[in-house]
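start32.txt follows (compact mmCIF, N, CA and C atoms and all ligand atoms):
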```txt
# COMPACT_ATOMS: atom_id res chain seq x y z
N MET D 228 1.58 4.31 -14.02
CA MET D 228 2.21 4.09 -12.72
C MET D 228 2.90 2.73 -12.66
N ALA D 229 2.30 1.73 -13.32
CA ALA D 229 2.91 0.40 -13.31
C ALA D 229 4.27 0.44 -14.01
N ILE D 230 4.32 1.16 -15.16
CA ILE D 230 5.57 1.26 -15.92
C ILE D 230 6.60 2.01 -15.08
N GLN D 231 6.17 3.09 -14.46
CA GLN D 231 7.04 3.89 -13.60
C GLN D 231 7.63 3.02 -12.49
N ALA D 232 6.78 2.20 -11.89
CA ALA D 232 7.22 1.36 -10.78
C ALA D 232 8.32 0.41 -11.23
N VAL D 233 8.19 -0.16 -12.43
CA VAL D 233 9.20 -1.10 -12.93
C VAL D 233 10.51 -0.37 -13.20
N ILE D 234 10.43 0.81 -13.83
CA ILE D 234 11.63 1.57 -14.16
C ILE D 234 12.39 1.96 -12.89
N MET D 235 11.64 2.26 -11.83
CA MET D 235 12.29 2.74 -10.61
C MET D 235 12.97 1.63 -9.83
N CYS D 236 12.64 0.38 -10.10
CA CYS D 236 13.29 -0.71 -9.39
C CYS D 236 14.74 -0.81 -9.83
N PRO D 237 15.66 -1.21 -8.91
CA PRO D 237 17.03 -1.45 -9.32
C PRO D 237 17.03 -2.43 -10.50
N LEU D 238 17.72 -2.10 -11.57
CA LEU D 238 17.80 -2.90 -12.79
C LEU D 238 16.47 -2.99 -13.53
N GLY D 239 15.49 -2.19 -13.14
CA GLY D 239 14.18 -2.22 -13.81
C GLY D 239 14.32 -1.87 -15.28
N THR D 240 13.59 -2.59 -16.09
CA THR D 240 13.71 -2.40 -17.53
C THR D 240 12.80 -1.27 -18.03
N ARG D 241 13.10 -0.75 -19.22
CA ARG D 241 12.24 0.27 -19.83
C ARG D 241 11.25 -0.41 -20.76
N ILE D 242 10.01 0.02 -20.69
CA ILE D 242 8.94 -0.62 -21.45
C ILE D 242 8.17 0.48 -22.19
N ARG D 243 7.92 0.26 -23.48
CA ARG D 243 7.11 1.25 -24.21
C ARG D 243 5.69 1.23 -23.69
N PHE D 244 5.09 2.40 -23.65
CA PHE D 244 3.74 2.48 -23.10
C PHE D 244 2.89 3.38 -23.98
N PHE D 245 1.72 2.92 -24.33
CA PHE D 245 0.81 3.71 -25.16
C PHE D 245 -0.43 4.05 -24.33
N ALA D 246 -0.61 5.35 -24.08
CA ALA D 246 -1.80 5.77 -23.34
C ALA D 246 -2.95 5.92 -24.32
N GLY D 247 -3.94 5.04 -24.20
CA GLY D 247 -4.97 5.05 -25.23
C GLY D 247 -6.39 5.21 -24.72
N ARG D 248 -6.55 5.26 -23.39
CA ARG D 248 -7.92 5.32 -22.89
C ARG D 248 -8.52 6.69 -23.13
N LYS D 249 -9.78 6.71 -23.55
CA LYS D 249 -10.47 7.98 -23.78
C LYS D 249 -10.76 8.68 -22.46
N ASP D 250 -10.59 9.99 -22.43
CA ASP D 250 -10.99 10.74 -21.24
C ASP D 250 -12.49 10.62 -21.05
N SER D 251 -12.91 10.66 -19.78
CA SER D 251 -14.34 10.58 -19.50
C SER D 251 -14.70 11.60 -18.44
N SER D 252 -15.85 12.24 -18.57
CA SER D 252 -16.28 13.17 -17.53
C SER D 252 -17.25 12.48 -16.56
N GLN D 253 -17.52 11.19 -16.79
CA GLN D 253 -18.38 10.44 -15.87
C GLN D 253 -17.61 10.08 -14.62
N PRO D 254 -18.13 10.43 -13.42
CA PRO D 254 -17.40 10.01 -12.22
C PRO D 254 -17.42 8.48 -12.08
N ALA D 255 -16.36 7.92 -11.48
CA ALA D 255 -16.33 6.48 -11.23
C ALA D 255 -17.36 6.14 -10.15
N LEU D 256 -17.76 4.88 -10.08
CA LEU D 256 -18.68 4.44 -9.04
C LEU D 256 -18.03 4.60 -7.67
N ASP D 257 -18.84 4.86 -6.66
CA ASP D 257 -18.32 4.94 -5.30
C ASP D 257 -17.94 3.56 -4.78
N GLY D 258 -17.03 3.52 -3.78
CA GLY D 258 -16.76 2.28 -3.06
C GLY D 258 -15.78 1.35 -3.75
N LEU D 259 -15.09 1.81 -4.78
CA LEU D 259 -14.15 0.93 -5.47
C LEU D 259 -12.71 1.10 -4.99
N LEU D 260 -12.45 2.19 -4.28
CA LEU D 260 -11.09 2.41 -3.79
C LEU D 260 -10.94 1.84 -2.37
N PRO D 261 -9.76 1.31 -2.05
CA PRO D 261 -9.55 0.78 -0.70
C PRO D 261 -9.52 1.91 0.32
N GLY D 262 -10.15 1.68 1.47
CA GLY D 262 -10.17 2.70 2.53
C GLY D 262 -9.25 2.32 3.66
N VAL D 263 -8.70 3.33 4.30
CA VAL D 263 -7.72 3.08 5.35
C VAL D 263 -8.35 2.39 6.57
N ASN D 264 -9.67 2.49 6.72
CA ASN D 264 -10.35 1.83 7.84
C ASN D 264 -11.13 0.59 7.42
N ASP D 265 -10.97 0.15 6.19
CA ASP D 265 -11.72 -1.02 5.73
C ASP D 265 -11.21 -2.29 6.41
N SER D 266 -12.08 -3.32 6.45
CA SER D 266 -11.68 -4.61 7.01
C SER D 266 -10.76 -5.33 6.02
N ALA D 267 -10.00 -6.30 6.55
CA ALA D 267 -9.11 -7.09 5.68
C ALA D 267 -9.94 -7.79 4.61
N ASP D 268 -11.10 -8.29 5.00
CA ASP D 268 -11.98 -8.97 4.05
C ASP D 268 -12.33 -8.08 2.87
N LYS D 269 -12.74 -6.85 3.17
CA LYS D 269 -13.15 -5.93 2.11
C LYS D 269 -11.95 -5.56 1.23
N LEU D 270 -10.80 -5.30 1.87
CA LEU D 270 -9.61 -4.91 1.10
C LEU D 270 -9.19 -6.03 0.17
N ILE D 271 -9.17 -7.26 0.70
CA ILE D 271 -8.75 -8.40 -0.11
C ILE D 271 -9.74 -8.59 -1.26
N ARG D 272 -11.04 -8.42 -1.00
CA ARG D 272 -12.05 -8.59 -2.05
C ARG D 272 -11.92 -7.53 -3.13
N LEU D 273 -11.71 -6.26 -2.72
CA LEU D 273 -11.58 -5.18 -3.70
C LEU D 273 -10.46 -5.46 -4.70
N PHE D 274 -9.33 -5.97 -4.17
CA PHE D 274 -8.20 -6.26 -5.05
C PHE D 274 -8.45 -7.53 -5.86
N GLU D 275 -9.10 -8.53 -5.22
CA GLU D 275 -9.41 -9.77 -5.95
C GLU D 275 -10.33 -9.46 -7.13
N ASP D 276 -11.28 -8.54 -6.92
CA ASP D 276 -12.19 -8.15 -8.01
C ASP D 276 -11.43 -7.63 -9.22
N LYS D 277 -10.21 -7.14 -8.98
CA LYS D 277 -9.40 -6.59 -10.07
C LYS D 277 -8.25 -7.53 -10.40
N THR D 278 -8.41 -8.80 -10.08
CA THR D 278 -7.50 -9.91 -10.41
C THR D 278 -6.21 -9.92 -9.58
N ILE D 279 -6.14 -9.10 -8.53
CA ILE D 279 -4.94 -9.12 -7.68
C ILE D 279 -5.23 -9.98 -6.46
N LEU D 280 -4.56 -11.14 -6.38
CA LEU D 280 -4.82 -12.11 -5.31
C LEU D 280 -4.12 -11.68 -4.02
N PRO D 281 -4.56 -12.25 -2.87
CA PRO D 281 -4.05 -11.79 -1.57
C PRO D 281 -2.52 -11.71 -1.47
N HIS D 282 -1.81 -12.74 -1.97
CA HIS D 282 -0.35 -12.71 -1.86
C HIS D 282 0.24 -11.56 -2.68
N ASP D 283 -0.38 -11.30 -3.83
CA ASP D 283 0.10 -10.18 -4.66
C ASP D 283 -0.20 -8.85 -4.00
N LEU D 284 -1.34 -8.77 -3.32
CA LEU D 284 -1.67 -7.55 -2.60
C LEU D 284 -0.61 -7.27 -1.54
N VAL D 285 -0.21 -8.32 -0.81
CA VAL D 285 0.81 -8.13 0.22
C VAL D 285 2.12 -7.65 -0.39
N ALA D 286 2.45 -8.19 -1.56
CA ALA D 286 3.69 -7.75 -2.23
C ALA D 286 3.58 -6.28 -2.62
N LEU D 287 2.44 -5.89 -3.18
CA LEU D 287 2.26 -4.49 -3.57
C LEU D 287 2.31 -3.57 -2.37
N LEU D 288 1.84 -4.09 -1.22
CA LEU D 288 1.82 -3.26 -0.02
C LEU D 288 3.22 -3.04 0.54
N GLY D 289 4.24 -3.55 -0.12
CA GLY D 289 5.60 -3.17 0.24
C GLY D 289 5.87 -1.72 -0.09
N ALA D 290 4.99 -1.10 -0.88
CA ALA D 290 5.18 0.31 -1.25
C ALA D 290 5.35 1.22 -0.03
N PRO D 291 4.57 1.03 1.03
CA PRO D 291 4.77 1.88 2.21
C PRO D 291 6.14 1.73 2.87
N SER D 292 6.97 0.83 2.40
CA SER D 292 8.35 0.76 2.91
C SER D 292 9.05 2.11 2.73
N THR D 293 8.61 2.88 1.73
CA THR D 293 9.28 4.17 1.47
C THR D 293 8.31 5.34 1.59
N SER D 294 7.12 5.13 2.16
CA SER D 294 6.12 6.21 2.11
C SER D 294 6.04 7.04 3.39
N GLN D 295 5.37 8.17 3.23
CA GLN D 295 5.04 9.03 4.37
C GLN D 295 3.56 9.36 4.27
N GLN D 296 2.90 9.53 5.41
CA GLN D 296 1.48 9.90 5.37
C GLN D 296 1.32 11.37 5.75
N PHE D 297 0.30 12.00 5.16
CA PHE D 297 0.04 13.41 5.42
C PHE D 297 -1.39 13.69 5.85
N PHE D 298 -2.34 12.80 5.48
CA PHE D 298 -3.76 13.14 5.65
C PHE D 298 -4.52 12.21 6.57
N VAL D 299 -4.06 10.97 6.75
CA VAL D 299 -4.80 10.06 7.63
C VAL D 299 -4.74 10.59 9.06
N GLU D 300 -3.58 11.00 9.50
CA GLU D 300 -3.41 11.62 10.82
C GLU D 300 -2.64 12.94 10.62
N PRO D 301 -3.40 14.04 10.42
CA PRO D 301 -2.75 15.32 10.11
C PRO D 301 -1.78 15.78 11.20
N LYS D 302 -1.97 15.28 12.43
CA LYS D 302 -1.06 15.68 13.51
C LYS D 302 0.32 15.07 13.34
N CYS D 303 0.43 14.03 12.52
CA CYS D 303 1.73 13.37 12.29
C CYS D 303 2.12 13.52 10.83
N ARG D 304 1.99 14.71 10.30
CA ARG D 304 2.33 14.93 8.89
C ARG D 304 3.77 14.50 8.59
N GLY D 305 3.94 13.72 7.53
CA GLY D 305 5.28 13.29 7.14
C GLY D 305 5.73 12.00 7.82
N ALA D 306 4.88 11.43 8.68
CA ALA D 306 5.30 10.21 9.39
C ALA D 306 5.47 9.04 8.42
N PRO D 307 6.60 8.32 8.53
CA PRO D 307 6.85 7.16 7.66
C PRO D 307 6.07 5.94 8.14
N GLN D 308 5.98 4.90 7.26
CA GLN D 308 5.26 3.68 7.62
C GLN D 308 6.19 2.54 8.03
N ASP D 309 7.49 2.83 8.06
CA ASP D 309 8.42 1.93 8.74
C ASP D 309 9.63 2.74 9.20
N GLY D 310 10.55 2.08 9.88
CA GLY D 310 11.66 2.80 10.51
C GLY D 310 12.78 3.20 9.58
N THR D 311 12.69 2.83 8.30
CA THR D 311 13.76 3.14 7.35
C THR D 311 13.17 3.90 6.16
N LEU D 312 12.76 5.14 6.39
CA LEU D 312 12.15 5.96 5.34
C LEU D 312 13.10 6.17 4.18
N GLY D 313 12.61 5.94 2.97
CA GLY D 313 13.41 6.18 1.77
C GLY D 313 14.24 4.99 1.38
N VAL D 314 14.26 3.94 2.20
CA VAL D 314 15.01 2.73 1.85
C VAL D 314 14.01 1.64 1.49
N ARG D 315 14.16 1.09 0.28
CA ARG D 315 13.28 0.01 -0.16
C ARG D 315 13.73 -1.28 0.47
N ASP D 316 13.09 -1.67 1.58
CA ASP D 316 13.48 -2.91 2.25
C ASP D 316 12.22 -3.62 2.75
N THR D 317 12.41 -4.68 3.51
CA THR D 317 11.25 -5.46 3.96
C THR D 317 10.93 -5.22 5.44
N LEU D 318 11.60 -4.25 6.04
CA LEU D 318 11.37 -3.97 7.45
C LEU D 318 9.90 -3.62 7.73
N PHE D 319 9.24 -2.96 6.77
CA PHE D 319 7.84 -2.59 6.88
C PHE D 319 6.97 -3.77 7.34
N TYR D 320 7.24 -4.96 6.76
CA TYR D 320 6.40 -6.11 7.08
C TYR D 320 6.56 -6.51 8.54
N ASN D 321 7.80 -6.63 9.00
CA ASN D 321 8.02 -7.01 10.40
C ASN D 321 7.43 -5.97 11.35
N GLN D 322 7.65 -4.71 11.04
CA GLN D 322 7.21 -3.67 11.98
C GLN D 322 5.69 -3.57 12.00
N THR D 323 5.04 -3.83 10.86
CA THR D 323 3.57 -3.81 10.83
C THR D 323 3.02 -4.95 11.67
N ARG D 324 3.73 -6.07 11.67
CA ARG D 324 3.28 -7.23 12.45
C ARG D 324 3.67 -7.14 13.92
N GLY D 325 4.32 -6.04 14.30
CA GLY D 325 4.65 -5.85 15.71
C GLY D 325 5.89 -6.58 16.16
N MET D 326 6.72 -7.03 15.19
CA MET D 326 7.97 -7.69 15.56
C MET D 326 9.05 -6.64 15.70
N GLY D 327 9.71 -6.65 16.83
CA GLY D 327 10.77 -5.68 17.05
C GLY D 327 10.22 -4.35 17.52
N GLN D 328 11.12 -3.46 17.85
CA GLN D 328 10.76 -2.15 18.39
C GLN D 328 10.23 -1.25 17.27
N LEU D 329 9.06 -0.65 17.48
CA LEU D 329 8.51 0.27 16.48
C LEU D 329 8.92 1.70 16.84
N PRO D 330 9.75 2.35 16.00
CA PRO D 330 10.16 3.71 16.31
C PRO D 330 8.94 4.62 16.49
N LYS D 331 9.04 5.57 17.40
CA LYS D 331 7.88 6.39 17.76
C LYS D 331 7.34 7.22 16.60
N LYS D 332 8.25 7.62 15.69
CA LYS D 332 7.81 8.48 14.58
C LYS D 332 6.97 7.72 13.55
N VAL D 333 7.01 6.38 13.59
CA VAL D 333 6.31 5.58 12.57
C VAL D 333 4.81 5.62 12.80
N PHE D 334 4.05 5.84 11.72
CA PHE D 334 2.58 5.79 11.79
C PHE D 334 2.10 4.65 10.91
N LEU D 335 1.49 3.63 11.53
CA LEU D 335 0.97 2.48 10.77
C LEU D 335 -0.46 2.76 10.34
N PHE D 336 -0.79 2.38 9.11
CA PHE D 336 -2.17 2.50 8.66
C PHE D 336 -2.98 1.32 9.22
N PRO D 337 -4.21 1.59 9.71
CA PRO D 337 -5.07 0.49 10.17
C PRO D 337 -5.25 -0.58 9.09
N SER D 338 -5.28 -0.17 7.82
CA SER D 338 -5.47 -1.14 6.72
C SER D 338 -4.30 -2.12 6.64
N ASP D 339 -3.08 -1.61 6.81
CA ASP D 339 -1.92 -2.51 6.77
C ASP D 339 -1.94 -3.45 7.97
N LEU D 340 -2.35 -2.90 9.12
CA LEU D 340 -2.42 -3.71 10.33
C LEU D 340 -3.42 -4.86 10.18
N VAL D 341 -4.64 -4.57 9.71
CA VAL D 341 -5.64 -5.66 9.63
C VAL D 341 -5.23 -6.69 8.58
N ILE D 342 -4.59 -6.26 7.51
CA ILE D 342 -4.15 -7.23 6.51
C ILE D 342 -3.05 -8.12 7.09
N SER D 343 -2.15 -7.52 7.88
CA SER D 343 -1.05 -8.31 8.46
C SER D 343 -1.58 -9.35 9.44
N GLN D 344 -2.81 -9.14 9.94
CA GLN D 344 -3.38 -10.08 10.92
C GLN D 344 -4.30 -11.10 10.27
N ASP D 345 -4.54 -10.96 8.97
CA ASP D 345 -5.46 -11.88 8.31
C ASP D 345 -4.77 -13.23 8.06
N PRO D 346 -5.44 -14.34 8.48
CA PRO D 346 -4.80 -15.66 8.37
C PRO D 346 -4.38 -16.02 6.94
N ARG D 347 -5.05 -15.43 5.92
CA ARG D 347 -4.70 -15.76 4.54
C ARG D 347 -3.29 -15.29 4.16
N VAL D 348 -2.84 -14.21 4.79
CA VAL D 348 -1.57 -13.61 4.37
C VAL D 348 -0.62 -13.34 5.53
N ASN D 349 -1.06 -13.70 6.73
CA ASN D 349 -0.28 -13.38 7.93
C ASN D 349 1.18 -13.84 7.85
N ALA D 350 1.42 -15.01 7.25
CA ALA D 350 2.78 -15.54 7.20
C ALA D 350 3.71 -14.60 6.44
N GLU D 351 3.21 -13.98 5.39
CA GLU D 351 4.04 -13.03 4.64
C GLU D 351 4.17 -11.72 5.36
C1 LIG M 401 -5.07 -1.83 1.11
C2 LIG M 401 -4.78 -1.06 0.08
C3 LIG M 401 -4.40 0.39 0.22
C4 LIG M 401 -4.89 1.34 1.06
C5 LIG M 401 -5.99 1.20 2.11
C6 LIG M 401 -4.17 2.57 0.78
C7 LIG M 401 -4.37 3.76 1.45
C8 LIG M 401 -3.70 4.94 1.17
C9 LIG M 401 -3.87 6.18 1.89
C10 LIG M 401 -4.81 6.36 3.09
C11 LIG M 401 -3.05 7.10 1.33
C12 LIG M 401 -2.89 8.58 1.75
C13 LIG M 401 -1.86 8.69 2.87
C14 LIG M 401 -1.75 10.09 3.43
O1 LIG M 401 -0.96 10.92 2.91
O2 LIG M 401 -2.42 10.39 4.43
C15 LIG M 401 -2.36 6.45 0.25
C16 LIG M 401 -1.43 7.05 -0.59
C17 LIG M 401 -0.73 6.42 -1.57
N1 LIG M 401 -0.78 5.08 -1.89
FE1 LIG M 401 -2.01 3.73 -1.07
N2 LIG M 401 -3.26 2.34 -0.21
C18 LIG M 401 -3.37 1.02 -0.58
C19 LIG M 401 -2.61 0.36 -1.53
C20 LIG M 401 -1.61 0.94 -2.29
C21 LIG M 401 -0.78 0.23 -3.23
C22 LIG M 401 -0.89 -1.27 -3.49
C23 LIG M 401 0.06 1.14 -3.78
C24 LIG M 401 1.16 0.96 -4.81
C25 LIG M 401 1.83 -0.15 -4.97
C26 LIG M 401 -0.27 2.43 -3.20
C27 LIG M 401 0.34 3.62 -3.51
C28 LIG M 401 0.07 4.84 -2.92
C29 LIG M 401 0.72 6.09 -3.31
C30 LIG M 401 1.75 6.29 -4.44
C31 LIG M 401 0.20 7.07 -2.46
C32 LIG M 401 0.58 8.55 -2.43
C33 LIG M 401 -0.33 9.37 -3.28
C34 LIG M 401 0.06 10.86 -3.19
O3 LIG M 401 0.31 11.34 -2.08
O4 LIG M 401 0.07 11.51 -4.21
N3 LIG M 401 -1.27 2.26 -2.30
N4 LIG M 401 -2.77 5.14 0.17
C1 LIG M 402 -10.62 6.10 10.34
O1 LIG M 402 -10.86 5.84 11.70
C2 LIG M 402 -10.30 6.83 12.57
C3 LIG M 402 -10.46 6.33 14.01
O2 LIG M 402 -11.78 5.98 14.26
C4 LIG M 402 -11.00 8.17 12.32
O3 LIG M 402 -10.43 9.15 13.15
C5 LIG M 402 -10.79 8.54 10.85
O4 LIG M 402 -11.49 9.74 10.55
C6 LIG M 402 -11.24 7.43 9.91
N1 LIG M 402 -10.83 7.78 8.55
C7 LIG M 402 -11.60 7.56 7.50
C8 LIG M 402 -11.06 8.00 6.18
O5 LIG M 402 -12.69 7.04 7.58
C1 LIG M 403 12.00 -9.97 10.04
O1 LIG M 403 11.82 -10.98 11.00
C2 LIG M 403 12.34 -12.24 10.63
C3 LIG M 403 11.92 -13.26 11.69
O2 LIG M 403 12.31 -12.85 12.96
C4 LIG M 403 13.85 -12.13 10.46
O3 LIG M 403 14.38 -13.35 10.04
C5 LIG M 403 14.14 -11.06 9.41
O4 LIG M 403 15.54 -10.85 9.32
C6 LIG M 403 13.47 -9.74 9.74
N1 LIG M 403 13.64 -8.83 8.63
C7 LIG M 403 14.05 -7.56 8.80
C8 LIG M 403 14.21 -6.74 7.56
O5 LIG M 403 14.28 -7.08 9.91
```

Could you render the structure as C-alpha cells?
Ligand code: HEM
Ligand SMILES: *[C@@H]1O[C@H](CO)[C@@H](O)[C@H](O)[C@H]1NC(C)=O
Ligand SMILES: *[C@@H]1O[C@H](CO)[C@@H](O)[C@H](O)[C@H]1NC(C)=O
Amino acid sequence: MAIQAVIMCPLGTRIRFFAGRKDSSQPALDGLLPGVNDSADKLIRLFEDKTILPHDLVALLGAPSTSQQFFVEPKCRGAPQDGTLGVRDTLFYNQTRGMGQLPKKVFLFPSDLVISQDPRVNAE
C-alpha cells in the first residue's frame, strides 16, 4: 500500500517491491488497529508505537481528502469526508476543524475530529 500510495501521487516515482513476509494463520493481537471512536491520546499512541509521530499521523490523515465512508454511519453510505470528493487537496483539514461552511453531505469521523482538537497537532 505504501508503494501504491507513492505511485499514485502526481509525479510519484516507481519503486521495486519484494513481498517477502511469510503467511500466518495466527490472528493478530486485538486492540492494535485505530478505532473511529478512540481518543486522540490512544490514536496518537497507537501510531507512535509504530514509529509514526503525531505530525506524520496528521499528514497521513490527509487520505480522507478523497475518501467516502460506508460502514461507520450506514445511513450515509458514500458520504465524503470533505467537500471536494475525489480531489486531493487540503480542504479536509479546514473542514474537520470547523473552519468555513461544512457541506451537508460531508460525514466527519469522530477520530479525525478529536485529533484536530488535540493541542499537539491542532495547528496543522
Ligand atoms: C486515526 C487513524 C485512522 C482511523 C481511526 C481510521 C478509520 C477508518 C474507518 C472507520 C474506515 C472505514 C470507513 C467506512 O467505510 O465506514 C477506514 C477506511 C479506510 N482507511 Fe482509515 N483510519 C485511520 C487512518 C488511516 C490512514 C492513515 C490511512 C492511509 C493513509 C487510511 C486508509 C484507509 C483506507 C484506504 C480505507 C478504505 C478501506 C476499504 O474500504 O477497503 N486510514 N478507516
Ligand atoms: C461509535 O460511537 C457511535 C456513537 O456513540 C456508535 O453509534 C458507534 O456504534 C460506535 N462505533 C464503534 C465502531 O464503536
Ligand atoms: C484553510 O484555512 C486557512 C486559514 O483561514 C486558509 O489560509 C487556507 O486557504 C484554507 N485552505 C483551504 C484549502 O481552504

- Please provide as a PyMOL selection string all residues within 8 Å of Pro281 in chain D, with the sequence filter that same-chain residues fewer than 5 positions apart are discarded (counting only C-alpha atoms). chain D and resi 271+274-275+347-348

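With distances restricted to only N, CA and C atoms, D:Gly262 is the closest residue to Asp339 in chain D from D:Gly239, D:Pro254, D:Gly305, D:Gly262.
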
- Message: Just list as an NGL selection string whatever in range 232-346 of chain D DSSP marks as helix (DSSP H, G or I).
- Response: :D and (232-235 or 267-275 or 281-287 or 290-293 or 301-303 or 318-323 or 337-343)

- List every protein, DNA or RNA residue that has at least one atom no more than 6 Å from (-7.0, -5.1, 5.6) in the file's coordinates, counting only C-alpha atoms, and write the result as a ChimeraX atom specification. /D:266-267,270,338-339,341-342

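DSSP secondary structure from the backbone places Gln295, Gln296, Ala306 and Pro307 of chain D of chain D in strand (DSSP E).
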
- Task: Kindly compile the residues surrounding ligand LIG 403 (chain M) within 6.5 Å, counting only N, CA and C atoms and all ligand atoms, and format them as an MDAnalysis selection string.
- Result: chainID D and resid 316:319 321

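Between atom C of Gly310 in chain D and atom C of Gln296 in chain D lies a distance of 14.6 Å.
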
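For ligand LIG 402 (chain M), the neighbouring protein, DNA and RNA residues, which are those within 7 Å when all atoms listed in the file are counted, are Gly262, Val263, Asn264 and Val299 of chain D.
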
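Closest approach to ligand LIG 401 (chain M) from the set D:Leu288, D:Ile279, D:Leu238, D:Leu259 is made by D:Leu288, with distances taken over only N, CA and C atoms and all ligand atoms.
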
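In this structure, CA of Gly289 in chain D sits 7.1 Å away from atom C25 of ligand LIG 401 (chain M).
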
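A straight line drawn from CA of Leu312 in chain D to atom N of Leu280 in chain D is 26.6 Å long.
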
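Using only C-alpha atoms, the shortest contact distance between Gly258 in chain D and any of D:Ala246, D:Ala232, D:Met326, D:Leu273 is found at D:Leu273.
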
All heavy atoms modelled onto range 264-270 of chain D, as a short mmCIF file (atom, residue, chain, number, x, y, z; two decimals), in the frame of the given file:
```cif
data_model
loop_
_atom_site.label_atom_id
_atom_site.label_comp_id
_atom_site.auth_asym_id
_atom_site.auth_seq_id
_atom_site.Cartn_x
_atom_site.Cartn_y
_atom_site.Cartn_z
N ASN D 264 -9.67 2.49 6.72
CA ASN D 264 -10.35 1.83 7.84
C ASN D 264 -11.13 0.59 7.42
O ASN D 264 -11.89 0.05 8.21
CB ASN D 264 -11.32 2.81 8.53
CG ASN D 264 -10.60 3.89 9.31
OD1 ASN D 264 -9.47 3.69 9.76
ND2 ASN D 264 -11.23 5.05 9.45
N ASP D 265 -10.97 0.15 6.19
CA ASP D 265 -11.72 -1.02 5.73
C ASP D 265 -11.21 -2.29 6.41
O ASP D 265 -10.06 -2.36 6.87
CB ASP D 265 -11.56 -1.20 4.21
CG ASP D 265 -12.39 -0.19 3.43
OD1 ASP D 265 -13.26 0.48 4.04
OD2 ASP D 265 -12.18 -0.07 2.21
N SER D 266 -12.08 -3.32 6.45
CA SER D 266 -11.68 -4.61 7.01
C SER D 266 -10.76 -5.33 6.02
O SER D 266 -10.76 -5.02 4.82
CB SER D 266 -12.93 -5.48 7.24
OG SER D 266 -13.50 -5.82 5.99
N ALA D 267 -10.00 -6.30 6.55
CA ALA D 267 -9.11 -7.09 5.68
C ALA D 267 -9.94 -7.79 4.61
O ALA D 267 -9.54 -7.85 3.45
CB ALA D 267 -8.33 -8.11 6.52
N ASP D 268 -11.10 -8.29 5.00
CA ASP D 268 -11.98 -8.97 4.05
C ASP D 268 -12.33 -8.08 2.87
O ASP D 268 -12.25 -8.49 1.72
CB ASP D 268 -13.28 -9.34 4.78
CG ASP D 268 -13.54 -10.82 4.75
OD1 ASP D 268 -12.57 -11.58 4.55
OD2 ASP D 268 -14.70 -11.19 4.93
N LYS D 269 -12.74 -6.85 3.17
CA LYS D 269 -13.15 -5.93 2.11
C LYS D 269 -11.95 -5.56 1.23
O LYS D 269 -12.05 -5.52 0.01
CB LYS D 269 -13.78 -4.67 2.70
CG LYS D 269 -14.20 -3.71 1.61
CD LYS D 269 -15.02 -2.53 2.11
CE LYS D 269 -15.40 -1.63 0.93
NZ LYS D 269 -15.82 -0.30 1.38
N LEU D 270 -10.80 -5.30 1.87
CA LEU D 270 -9.61 -4.91 1.10
C LEU D 270 -9.19 -6.03 0.17
O LEU D 270 -8.91 -5.81 -1.01
CB LEU D 270 -8.47 -4.55 2.06
CG LEU D 270 -8.72 -3.28 2.90
CD1 LEU D 270 -7.70 -3.17 4.03
CD2 LEU D 270 -8.68 -2.04 2.02
#
```
